[in-house]
Amino acid sequence: MKPVIPHITVLLETSRQASRRRFRGILRYVRLHQPWCLNFVVGGVQELALPDSQEVCDGIITTTLNLEMVRQLLTQKCPIVLLDPEKGLREYPILRQFSHVSLDNAAVGRMGAEYFLQNNYQHFAFVEPAESWNWAVQRKKAFVETLRKEGATCHIYASSPQRNTSPEKERTFLGNWLQTLPTPLAVLGASDIEGRQVIDACLALGKAVPYEVAVLGVGDDDFICESCFPSLSSIAVEWQEAGYLAASFLHAHMTRPHQKKQSATYAPTQIIHRISTEKALVTDQLIIPILERIRLANGMNLRVNELAREFHVSRQWLDKRFKQLLGHTVYDEVQKRRLEKIRTLIAETHLSFNQIATLCGFENGNYLRNLFKKAFGMTMTEYREKSRSKIL
């Protein structure tokens, strides 16, 4: 007898990396347990639609909900599992009859607050999305409450229909708000999208990230985070685990008709550190542009004496000020940035080590090899092999 393969409708916004990672979790469950015929639509929330009465559908996993989708869900005859349905459950309590998997958004807010507090920031802000979402409200409340317990207050850039106009106007509104806040400032964006908006606004204002404003996002969408300038640090979330759990719930409902409703939460895992939260609580208005100059040049083709002349100070004064503020010399800062660039070239290009040495201003490739091993505890070859294995 030919085995029957269930037809499963998956309604996830494939335009978002978080949803694609959830989908990978569903695929992992399917590979390990039972084959499913997965029906899904490529695109954003506008493209999501439930199957009509003519389509074969043995189960549904869905996330983003609106009133019309809720009405259609209630007419379906197959098992349904909701995946991160925060706004749906809040606005439509009738959906609580379905099994669901949700992110612990309060844990996200607490993690962001604790991270900034541990790094000795004293001024804090939270940026909500333009449209009010329950997940963002939960993150904000936990962020603010954690800060409050430590005697700190938090500035809020609130959701508003006026913000849904154009990127240029939003950047202006956000920039005007940031201008009113004290620095150094630690900002948690409700998601990576809001984190990017803060970085873009700071760039337009000439506010140095991370020296004047440290920015943290949520979700670790590497397309967003790595395309920011500077790159955006973010709170990572187990999106794949959420998809896997949702698939396991649906499988239980399909194989056991009297299965009771199930619910589960999953948590943020760690903070992925990038440049936007590098620990540098610097308020000196002369040192900040020098740090930016070094960072933007990746430490390349910079001589400390020339840097001092460019900013009309002596090298001795500059070294003394750097040691007071950062605990190391200007040369150390230049070398640190240059080595970071070298690590990137080793990991992400096929250039030979001698080519990298020449490109980065080293006359002697052996000198760079020795310097790299001393700085990172492994050879350049070992680092390249380690980076390649992570990709595979």
# chains A, B, ... in the order shown; residues from 1 in each chain; ligands from 1
>>> residues_around(residues="Arg28 in chain A", least_positions_apart="5", cutoff="12 Å", atoms="only C-alpha atoms", output="ChimeraX atom specification")
/A:21-23,33-36,240-248
>>> write_last_selection(atoms="N, CA and C atoms", output="PDB file, in the first residue's frame")
ATOM      1  N   ARG A  21      14.499  30.869   8.974  1.00  0.00           N
ATOM      2  CA  ARG A  21      15.120  29.989   9.966  1.00  0.00           C
ATOM      3  C   ARG A  21      14.068  29.120  10.653  1.00  0.00           C
ATOM      4  N   ARG A  22      12.896  29.678  10.922  1.00  0.00           N
ATOM      5  CA  ARG A  22      11.808  28.850  11.467  1.00  0.00           C
ATOM      6  C   ARG A  22      11.470  27.723  10.501  1.00  0.00           C
ATOM      7  N   PHE A  23      11.428  28.069   9.215  1.00  0.00           N
ATOM      8  CA  PHE A  23      11.108  27.069   8.195  1.00  0.00           C
ATOM      9  C   PHE A  23      12.159  25.961   8.184  1.00  0.00           C
ATOM     10  N   HIS A  33      11.611  12.749  11.022  1.00  0.00           N
ATOM     11  CA  HIS A  33      10.437  11.985  11.434  1.00  0.00           C
ATOM     12  C   HIS A  33       9.601  11.483  10.262  1.00  0.00           C
ATOM     13  N   GLN A  34       8.774  12.310   9.684  1.00  0.00           N
ATOM     14  CA  GLN A  34       7.849  11.840   8.661  1.00  0.00           C
ATOM     15  C   GLN A  34       7.857  12.788   7.465  1.00  0.00           C
ATOM     16  N   PRO A  35       7.871  12.283   6.232  1.00  0.00           N
ATOM     17  CA  PRO A  35       7.840  13.179   5.070  1.00  0.00           C
ATOM     18  C   PRO A  35       6.511  13.918   4.977  1.00  0.00           C
ATOM     19  N   TRP A  36       6.590  15.206   4.713  1.00  0.00           N
ATOM     20  CA  TRP A  36       5.416  16.037   4.478  1.00  0.00           C
ATOM     21  C   TRP A  36       5.563  16.717   3.131  1.00  0.00           C
ATOM     22  N   GLN A 240      15.117  28.375  14.656  1.00  0.00           N
ATOM     23  CA  GLN A 240      14.963  27.000  14.151  1.00  0.00           C
ATOM     24  C   GLN A 240      14.282  26.108  15.179  1.00  0.00           C
ATOM     25  N   GLU A 241      14.629  26.293  16.448  1.00  0.00           N
ATOM     26  CA  GLU A 241      14.004  25.492  17.492  1.00  0.00           C
ATOM     27  C   GLU A 241      12.499  25.740  17.530  1.00  0.00           C
ATOM     28  N   ALA A 242      12.086  26.990  17.280  1.00  0.00           N
ATOM     29  CA  ALA A 242      10.656  27.315  17.265  1.00  0.00           C
ATOM     30  C   ALA A 242       9.940  26.560  16.154  1.00  0.00           C
ATOM     31  N   GLY A 243      10.546  26.534  14.958  1.00  0.00           N
ATOM     32  CA  GLY A 243       9.940  25.799  13.856  1.00  0.00           C
ATOM     33  C   GLY A 243       9.847  24.320  14.139  1.00  0.00           C
ATOM     34  N   TYR A 244      10.907  23.774  14.741  1.00  0.00           N
ATOM     35  CA  TYR A 244      10.929  22.351  15.079  1.00  0.00           C
ATOM     36  C   TYR A 244       9.808  22.019  16.073  1.00  0.00           C
ATOM     37  N   LEU A 245       9.642  22.851  17.110  1.00  0.00           N
ATOM     38  CA  LEU A 245       8.593  22.628  18.099  1.00  0.00           C
ATOM     39  C   LEU A 245       7.209  22.695  17.467  1.00  0.00           C
ATOM     40  N   ALA A 246       7.007  23.690  16.608  1.00  0.00           N
ATOM     41  CA  ALA A 246       5.699  23.836  15.955  1.00  0.00           C
ATOM     42  C   ALA A 246       5.371  22.598  15.123  1.00  0.00           C
ATOM     43  N   ALA A 247       6.380  22.077  14.408  1.00  0.00           N
ATOM     44  CA  ALA A 247       6.161  20.877  13.596  1.00  0.00           C
ATOM     45  C   ALA A 247       5.843  19.670  14.473  1.00  0.00           C
ATOM     46  N   SER A 248       6.508  19.561  15.623  1.00  0.00           N
ATOM     47  CA  SER A 248       6.243  18.426  16.519  1.00  0.00           C
ATOM     48  C   SER A 248       4.824  18.501  17.081  1.00  0.00           C
TER      49      SER A 248
END
>>> select_by_dssp(residues="range 133-296 of chain A", states="helix (DSSP H, G or I)", output="NGL selection string")
:A and (134-149 or 161-163 or 167-179 or 192-205 or 222-227 or 239-255 or 275-277 or 287-296)
>>> atom_distance(atom1="CA of Gly25 in chain A", atom2="CA of Glu238 in chain A")
9.5 Å
>>> residues_around(residues="Gln138 in chain A", least_positions_apart="6", cutoff="9 Å", atoms="only C-alpha atoms", output="list in words")
Asp104, Asn105, Ala106, Val108 and Gly109 of chain A
>>> write_last_selection(atoms="all heavy atoms", output="PDB file, in the first residue's frame")
ATOM      1  N   ASP A 104       9.905  34.102  24.135  1.00  0.00           N
ATOM      2  CA  ASP A 104       9.848  34.785  25.431  1.00  0.00           C
ATOM      3  C   ASP A 104      10.400  36.198  25.241  1.00  0.00           C
ATOM      4  O   ASP A 104      11.592  36.452  25.441  1.00  0.00           O
ATOM      5  CB  ASP A 104      10.663  34.012  26.468  1.00  0.00           C
ATOM      6  CG  ASP A 104      10.520  34.589  27.871  1.00  0.00           C
ATOM      7  OD1 ASP A 104      10.010  35.715  28.001  1.00  0.00           O
ATOM      8  OD2 ASP A 104      10.930  33.917  28.831  1.00  0.00           O
ATOM      9  N   ASN A 105       9.525  37.123  24.858  1.00  0.00           N
ATOM     10  CA  ASN A 105       9.970  38.481  24.549  1.00  0.00           C
ATOM     11  C   ASN A 105      10.433  39.240  25.783  1.00  0.00           C
ATOM     12  O   ASN A 105      11.274  40.139  25.680  1.00  0.00           O
ATOM     13  CB  ASN A 105       8.840  39.231  23.841  1.00  0.00           C
ATOM     14  CG  ASN A 105       8.650  38.745  22.425  1.00  0.00           C
ATOM     15  OD1 ASN A 105       9.529  38.905  21.585  1.00  0.00           O
ATOM     16  ND2 ASN A 105       7.513  38.124  22.147  1.00  0.00           N
ATOM     17  N   ALA A 106       9.891  38.904  26.940  1.00  0.00           N
ATOM     18  CA  ALA A 106      10.364  39.543  28.162  1.00  0.00           C
ATOM     19  C   ALA A 106      11.829  39.194  28.416  1.00  0.00           C
ATOM     20  O   ALA A 106      12.620  40.043  28.849  1.00  0.00           O
ATOM     21  CB  ALA A 106       9.501  39.121  29.346  1.00  0.00           C
ATOM     22  N   VAL A 108      14.007  38.642  26.164  1.00  0.00           N
ATOM     23  CA  VAL A 108      14.778  39.446  25.213  1.00  0.00           C
ATOM     24  C   VAL A 108      15.070  40.824  25.807  1.00  0.00           C
ATOM     25  O   VAL A 108      16.211  41.308  25.781  1.00  0.00           O
ATOM     26  CB  VAL A 108      14.009  39.594  23.882  1.00  0.00           C
ATOM     27  CG1 VAL A 108      14.703  40.613  22.973  1.00  0.00           C
ATOM     28  CG2 VAL A 108      13.894  38.249  23.175  1.00  0.00           C
ATOM     29  N   GLY A 109      14.037  41.472  26.340  1.00  0.00           N
ATOM     30  CA  GLY A 109      14.223  42.790  26.931  1.00  0.00           C
ATOM     31  C   GLY A 109      15.177  42.770  28.111  1.00  0.00           C
ATOM     32  O   GLY A 109      16.040  43.647  28.263  1.00  0.00           O
TER      33      GLY A 109
END
>>> closest_residue(among="A:Val330, A:Ala130, A:Val218, A:Ala297", to="Ile272 in chain A", atoms="only C-alpha atoms")
A:Val218
>>> select_by_dssp(residues="range 63-304 of chain A", states="strand (DSSP E)", output="PyMOL selection string")
chain A and resi 80-83+99-103+123-127+154-157+185-189+213-218+233-237+263-266+268-272
>>> closest_residue(among="A:Phe143, A:Ala125, A:Ala136, A:Ile224", to="Leu178 in chain A", atoms="only C-alpha atoms")
A:Ala125
>>> residues_around(residues="range 373-380 of chain A", least_positions_apart="6", cutoff="10 Å", atoms="only C-alpha atoms", output="list in words")
Lys336, Leu339, Ile342, Arg343, Ile346, Ala347, Phe353 and Lys386 of chain A
>>> write_last_selection(atoms="C-alpha atoms", output="PDB file, in the first residue's frame")
ATOM      1  CA  LYS A 336      43.903  46.227  16.523  1.00  0.00           C
ATOM      2  CA  LEU A 339      44.417  42.874  12.532  1.00  0.00           C
ATOM      3  CA  ILE A 342      43.372  40.922   8.219  1.00  0.00           C
ATOM      4  CA  ARG A 343      41.144  38.341   9.940  1.00  0.00           C
ATOM      5  CA  ILE A 346      41.803  35.516   5.703  1.00  0.00           C
ATOM      6  CA  ALA A 347      38.290  34.218   6.367  1.00  0.00           C
ATOM      7  CA  PHE A 353      48.962  35.370   3.034  1.00  0.00           C
ATOM      8  CA  LYS A 386      38.546  27.154  11.173  1.00  0.00           C
TER       9      LYS A 386
END
>>> residues_around(residues="Gln122 in chain A", least_positions_apart="6", cutoff="10 Å", atoms="only C-alpha atoms", output="list in words")
Phe116, Leu147, Gly151, Ala152, Thr153, Cys154, Pro182, Thr183, Pro184, Leu185 and Ala186 of chain A
>>> closest_residue(among="A:Ala113, A:Trp177, A:Thr269, A:Lys169", to="Val215 in chain A", atoms="only C-alpha atoms")
A:Ala113
>>> atom_distance(atom1="CA of Asn364 in chain A", atom2="CA of Glu306 in chain A")
22.4 Å
>>> closest_residue(among="A:Glu13, A:Asp222, A:Asp84, A:Glu91", to="Trp239 in chain A", atoms="only C-alpha atoms")
A:Asp84
>>> residues_around(residues="range 3-9 of chain A", least_positions_apart="3", cutoff="12 Å", atoms="only C-alpha atoms", output="PDB file with N, CA, C and O atoms, in the first residue's frame")
ATOM      1  N   LEU A  12       4.529  31.472   6.470  1.00  0.00           N
ATOM      2  CA  LEU A  12       5.615  32.257   7.057  1.00  0.00           C
ATOM      3  C   LEU A  12       6.078  33.282   6.029  1.00  0.00           C
ATOM      4  O   LEU A  12       6.086  32.999   4.832  1.00  0.00           O
ATOM      5  N   PHE A  23      11.428  28.069   9.215  1.00  0.00           N
ATOM      6  CA  PHE A  23      11.108  27.069   8.195  1.00  0.00           C
ATOM      7  C   PHE A  23      12.159  25.961   8.184  1.00  0.00           C
ATOM      8  O   PHE A  23      11.826  24.781   8.013  1.00  0.00           O
ATOM      9  N   ILE A  26      11.282  23.495  10.768  1.00  0.00           N
ATOM     10  CA  ILE A  26      10.212  22.603  10.305  1.00  0.00           C
ATOM     11  C   ILE A  26      10.804  21.513   9.409  1.00  0.00           C
ATOM     12  O   ILE A  26      10.484  20.326   9.548  1.00  0.00           O
ATOM     13  N   LEU A  27      11.681  21.926   8.492  1.00  0.00           N
ATOM     14  CA  LEU A  27      12.320  20.954   7.592  1.00  0.00           C
ATOM     15  C   LEU A  27      13.132  19.927   8.375  1.00  0.00           C
ATOM     16  O   LEU A  27      13.140  18.738   8.029  1.00  0.00           O
ATOM     17  N   VAL A  30      10.816  17.365   9.740  1.00  0.00           N
ATOM     18  CA  VAL A  30      10.307  16.495   8.670  1.00  0.00           C
ATOM     19  C   VAL A  30      11.355  15.460   8.270  1.00  0.00           C
ATOM     20  O   VAL A  30      11.047  14.270   8.092  1.00  0.00           O
ATOM     21  N   GLN A  34       8.774  12.310   9.684  1.00  0.00           N
ATOM     22  CA  GLN A  34       7.849  11.840   8.661  1.00  0.00           C
ATOM     23  C   GLN A  34       7.857  12.788   7.465  1.00  0.00           C
ATOM     24  O   GLN A  34       7.858  14.006   7.652  1.00  0.00           O
ATOM     25  N   PRO A  35       7.871  12.283   6.232  1.00  0.00           N
ATOM     26  CA  PRO A  35       7.840  13.179   5.070  1.00  0.00           C
ATOM     27  C   PRO A  35       6.511  13.918   4.977  1.00  0.00           C
ATOM     28  O   PRO A  35       5.443  13.331   5.173  1.00  0.00           O
ATOM     29  N   TRP A  36       6.590  15.206   4.713  1.00  0.00           N
ATOM     30  CA  TRP A  36       5.416  16.037   4.478  1.00  0.00           C
ATOM     31  C   TRP A  36       5.563  16.717   3.131  1.00  0.00           C
ATOM     32  O   TRP A  36       6.676  17.032   2.694  1.00  0.00           O
ATOM     33  N   CYS A  37       4.453  16.963   2.493  1.00  0.00           N
ATOM     34  CA  CYS A  37       4.428  17.812   1.298  1.00  0.00           C
ATOM     35  C   CYS A  37       4.126  19.232   1.793  1.00  0.00           C
ATOM     36  O   CYS A  37       3.012  19.516   2.237  1.00  0.00           O
ATOM     37  N   LEU A  38       5.146  20.095   1.767  1.00  0.00           N
ATOM     38  CA  LEU A  38       5.020  21.436   2.339  1.00  0.00           C
ATOM     39  C   LEU A  38       4.587  22.445   1.275  1.00  0.00           C
ATOM     40  O   LEU A  38       5.254  22.603   0.248  1.00  0.00           O
ATOM     41  N   ASN A  39       3.495  23.102   1.537  1.00  0.00           N
ATOM     42  CA  ASN A  39       2.999  24.146   0.647  1.00  0.00           C
ATOM     43  C   ASN A  39       3.241  25.510   1.289  1.00  0.00           C
ATOM     44  O   ASN A  39       2.789  25.758   2.409  1.00  0.00           O
ATOM     45  N   PHE A  40       3.975  26.367   0.599  1.00  0.00           N
ATOM     46  CA  PHE A  40       4.241  27.694   1.145  1.00  0.00           C
ATOM     47  C   PHE A  40       4.361  28.697  -0.003  1.00  0.00           C
ATOM     48  O   PHE A  40       4.526  28.333  -1.165  1.00  0.00           O
ATOM     49  N   VAL A  41       4.263  29.976   0.355  1.00  0.00           N
ATOM     50  CA  VAL A  41       4.330  31.050  -0.632  1.00  0.00           C
ATOM     51  C   VAL A  41       5.577  31.880  -0.363  1.00  0.00           C
ATOM     52  O   VAL A  41       5.863  32.233   0.781  1.00  0.00           O
ATOM     53  N   LEU A  48       0.574  35.957   2.075  1.00  0.00           N
ATOM     54  CA  LEU A  48       0.121  34.819   2.862  1.00  0.00           C
ATOM     55  C   LEU A  48      -1.382  34.610   2.707  1.00  0.00           C
ATOM     56  O   LEU A  48      -2.163  35.542   2.834  1.00  0.00           O
ATOM     57  N   ALA A  49      -1.769  33.389   2.429  1.00  0.00           N
ATOM     58  CA  ALA A  49      -3.200  33.072   2.285  1.00  0.00           C
ATOM     59  C   ALA A  49      -3.436  31.613   2.639  1.00  0.00           C
ATOM     60  O   ALA A  49      -2.642  30.735   2.289  1.00  0.00           O
ATOM     61  N   LEU A  50      -4.518  31.368   3.326  1.00  0.00           N
ATOM     62  CA  LEU A  50      -4.875  29.997   3.691  1.00  0.00           C
ATOM     63  C   LEU A  50      -5.396  29.244   2.477  1.00  0.00           C
ATOM     64  O   LEU A  50      -5.911  29.862   1.519  1.00  0.00           O
ATOM     65  N   PRO A  51      -5.284  27.920   2.472  1.00  0.00           N
ATOM     66  CA  PRO A  51      -5.775  27.139   1.331  1.00  0.00           C
ATOM     67  C   PRO A  51      -7.288  27.249   1.207  1.00  0.00           C
ATOM     68  O   PRO A  51      -8.004  27.352   2.208  1.00  0.00           O
ATOM     69  N   ASP A  52      -7.780  27.215  -0.046  1.00  0.00           N
ATOM     70  CA  ASP A  52      -9.234  27.247  -0.235  1.00  0.00           C
ATOM     71  C   ASP A  52      -9.806  25.841  -0.075  1.00  0.00           C
ATOM     72  O   ASP A  52      -9.073  24.864   0.110  1.00  0.00           O
ATOM     73  N   GLU A  55      -8.378  22.748  -2.053  1.00  0.00           N
ATOM     74  CA  GLU A  55      -7.012  22.254  -1.868  1.00  0.00           C
ATOM     75  C   GLU A  55      -6.957  21.208  -0.760  1.00  0.00           C
ATOM     76  O   GLU A  55      -7.692  21.288   0.228  1.00  0.00           O
ATOM     77  N   VAL A  56      -6.044  20.242  -0.947  1.00  0.00           N
ATOM     78  CA  VAL A  56      -5.808  19.247   0.096  1.00  0.00           C
ATOM     79  C   VAL A  56      -4.937  19.876   1.168  1.00  0.00           C
ATOM     80  O   VAL A  56      -3.874  20.432   0.893  1.00  0.00           O
ATOM     81  N   CYS A  57      -5.390  19.818   2.408  1.00  0.00           N
ATOM     82  CA  CYS A  57      -4.623  20.400   3.513  1.00  0.00           C
ATOM     83  C   CYS A  57      -4.854  19.555   4.764  1.00  0.00           C
ATOM     84  O   CYS A  57      -5.981  19.467   5.268  1.00  0.00           O
ATOM     85  N   ASP A  58      -3.775  18.930   5.253  1.00  0.00           N
ATOM     86  CA  ASP A  58      -3.879  18.075   6.434  1.00  0.00           C
ATOM     87  C   ASP A  58      -3.426  18.769   7.714  1.00  0.00           C
ATOM     88  O   ASP A  58      -3.590  18.221   8.805  1.00  0.00           O
ATOM     89  N   GLY A  59      -2.832  19.943   7.590  1.00  0.00           N
ATOM     90  CA  GLY A  59      -2.375  20.677   8.762  1.00  0.00           C
ATOM     91  C   GLY A  59      -1.836  22.036   8.361  1.00  0.00           C
ATOM     92  O   GLY A  59      -1.437  22.248   7.203  1.00  0.00           O
ATOM     93  N   ILE A  60      -1.846  22.965   9.314  1.00  0.00           N
ATOM     94  CA  ILE A  60      -1.408  24.339   9.042  1.00  0.00           C
ATOM     95  C   ILE A  60      -0.482  24.813  10.156  1.00  0.00           C
ATOM     96  O   ILE A  60      -0.772  24.630  11.337  1.00  0.00           O
ATOM     97  N   ILE A  61       0.642  25.418   9.756  1.00  0.00           N
ATOM     98  CA  ILE A  61       1.498  26.168  10.681  1.00  0.00           C
ATOM     99  C   ILE A  61       1.502  27.607  10.184  1.00  0.00           C
ATOM    100  O   ILE A  61       1.855  27.872   9.034  1.00  0.00           O
ATOM    101  N   THR A  62       1.105  28.531  11.044  1.00  0.00           N
ATOM    102  CA  THR A  62       0.985  29.917  10.596  1.00  0.00           C
ATOM    103  C   THR A  62       1.499  30.873  11.658  1.00  0.00           C
ATOM    104  O   THR A  62       1.514  30.563  12.839  1.00  0.00           O
ATOM    105  N   THR A  63       1.935  32.051  11.240  1.00  0.00           N
ATOM    106  CA  THR A  63       2.458  33.036  12.181  1.00  0.00           C
ATOM    107  C   THR A  63       1.675  34.341  12.128  1.00  0.00           C
ATOM    108  O   THR A  63       0.790  34.563  12.926  1.00  0.00           O
ATOM    109  N   LEU A  73      -9.198  30.752   9.490  1.00  0.00           N
ATOM    110  CA  LEU A  73      -8.652  29.697  10.345  1.00  0.00           C
ATOM    111  C   LEU A  73      -9.762  28.959  11.083  1.00  0.00           C
ATOM    112  O   LEU A  73      -9.731  27.732  11.213  1.00  0.00           O
ATOM    113  N   GLN A  76     -11.355  26.112   9.188  1.00  0.00           N
ATOM    114  CA  GLN A  76     -10.550  24.981   8.731  1.00  0.00           C
ATOM    115  C   GLN A  76     -10.897  23.714   9.516  1.00  0.00           C
ATOM    116  O   GLN A  76     -11.187  23.770  10.710  1.00  0.00           O
ATOM    117  N   CYS A  78      -8.723  21.065   9.628  1.00  0.00           N
ATOM    118  CA  CYS A  78      -7.481  20.346   9.929  1.00  0.00           C
ATOM    119  C   CYS A  78      -6.818  20.929  11.182  1.00  0.00           C
ATOM    120  O   CYS A  78      -7.152  22.026  11.622  1.00  0.00           O
ATOM    121  N   PRO A  79      -5.847  20.214  11.770  1.00  0.00           N
ATOM    122  CA  PRO A  79      -5.110  20.749  12.926  1.00  0.00           C
ATOM    123  C   PRO A  79      -4.325  22.006  12.558  1.00  0.00           C
ATOM    124  O   PRO A  79      -3.827  22.143  11.433  1.00  0.00           O
ATOM    125  N   ILE A  80      -4.209  22.918  13.515  1.00  0.00           N
ATOM    126  CA  ILE A  80      -3.525  24.195  13.301  1.00  0.00           C
ATOM    127  C   ILE A  80      -2.583  24.453  14.467  1.00  0.00           C
ATOM    128  O   ILE A  80      -2.939  24.257  15.629  1.00  0.00           O
ATOM    129  N   VAL A  81      -1.373  24.910  14.148  1.00  0.00           N
ATOM    130  CA  VAL A  81      -0.414  25.344  15.171  1.00  0.00           C
ATOM    131  C   VAL A  81       0.014  26.771  14.834  1.00  0.00           C
ATOM    132  O   VAL A  81       0.367  27.077  13.688  1.00  0.00           O
ATOM    133  N   LEU A  82      -0.038  27.639  15.839  1.00  0.00           N
ATOM    134  CA  LEU A  82       0.354  29.035  15.670  1.00  0.00           C
ATOM    135  C   LEU A  82       1.808  29.212  16.095  1.00  0.00           C
ATOM    136  O   LEU A  82       2.216  28.744  17.148  1.00  0.00           O
ATOM    137  N   ALA A 247       6.380  22.077  14.408  1.00  0.00           N
ATOM    138  CA  ALA A 247       6.161  20.877  13.596  1.00  0.00           C
ATOM    139  C   ALA A 247       5.843  19.670  14.473  1.00  0.00           C
ATOM    140  O   ALA A 247       4.976  18.846  14.130  1.00  0.00           O
ATOM    141  N   LEU A 250       2.232  19.918  15.574  1.00  0.00           N
ATOM    142  CA  LEU A 250       1.302  19.592  14.490  1.00  0.00           C
ATOM    143  C   LEU A 250       1.267  18.088  14.235  1.00  0.00           C
ATOM    144  O   LEU A 250       0.187  17.506  14.042  1.00  0.00           O
ATOM    145  N   HIS A 251       2.432  17.450  14.246  1.00  0.00           N
ATOM    146  CA  HIS A 251       2.496  16.009  14.044  1.00  0.00           C
ATOM    147  C   HIS A 251       1.676  15.279  15.107  1.00  0.00           C
ATOM    148  O   HIS A 251       0.936  14.324  14.815  1.00  0.00           O
ATOM    149  N   MET A 254      -2.008  15.585  14.331  1.00  0.00           N
ATOM    150  CA  MET A 254      -2.430  14.815  13.158  1.00  0.00           C
ATOM    151  C   MET A 254      -2.481  13.320  13.446  1.00  0.00           C
ATOM    152  O   MET A 254      -3.313  12.606  12.878  1.00  0.00           O
ATOM    153  N   THR A 255      -1.590  12.854  14.309  1.00  0.00           N
ATOM    154  CA  THR A 255      -1.528  11.406  14.577  1.00  0.00           C
ATOM    155  C   THR A 255      -2.366  10.995  15.786  1.00  0.00           C
ATOM    156  O   THR A 255      -2.698   9.816  15.935  1.00  0.00           O
TER     157      THR A 255
END
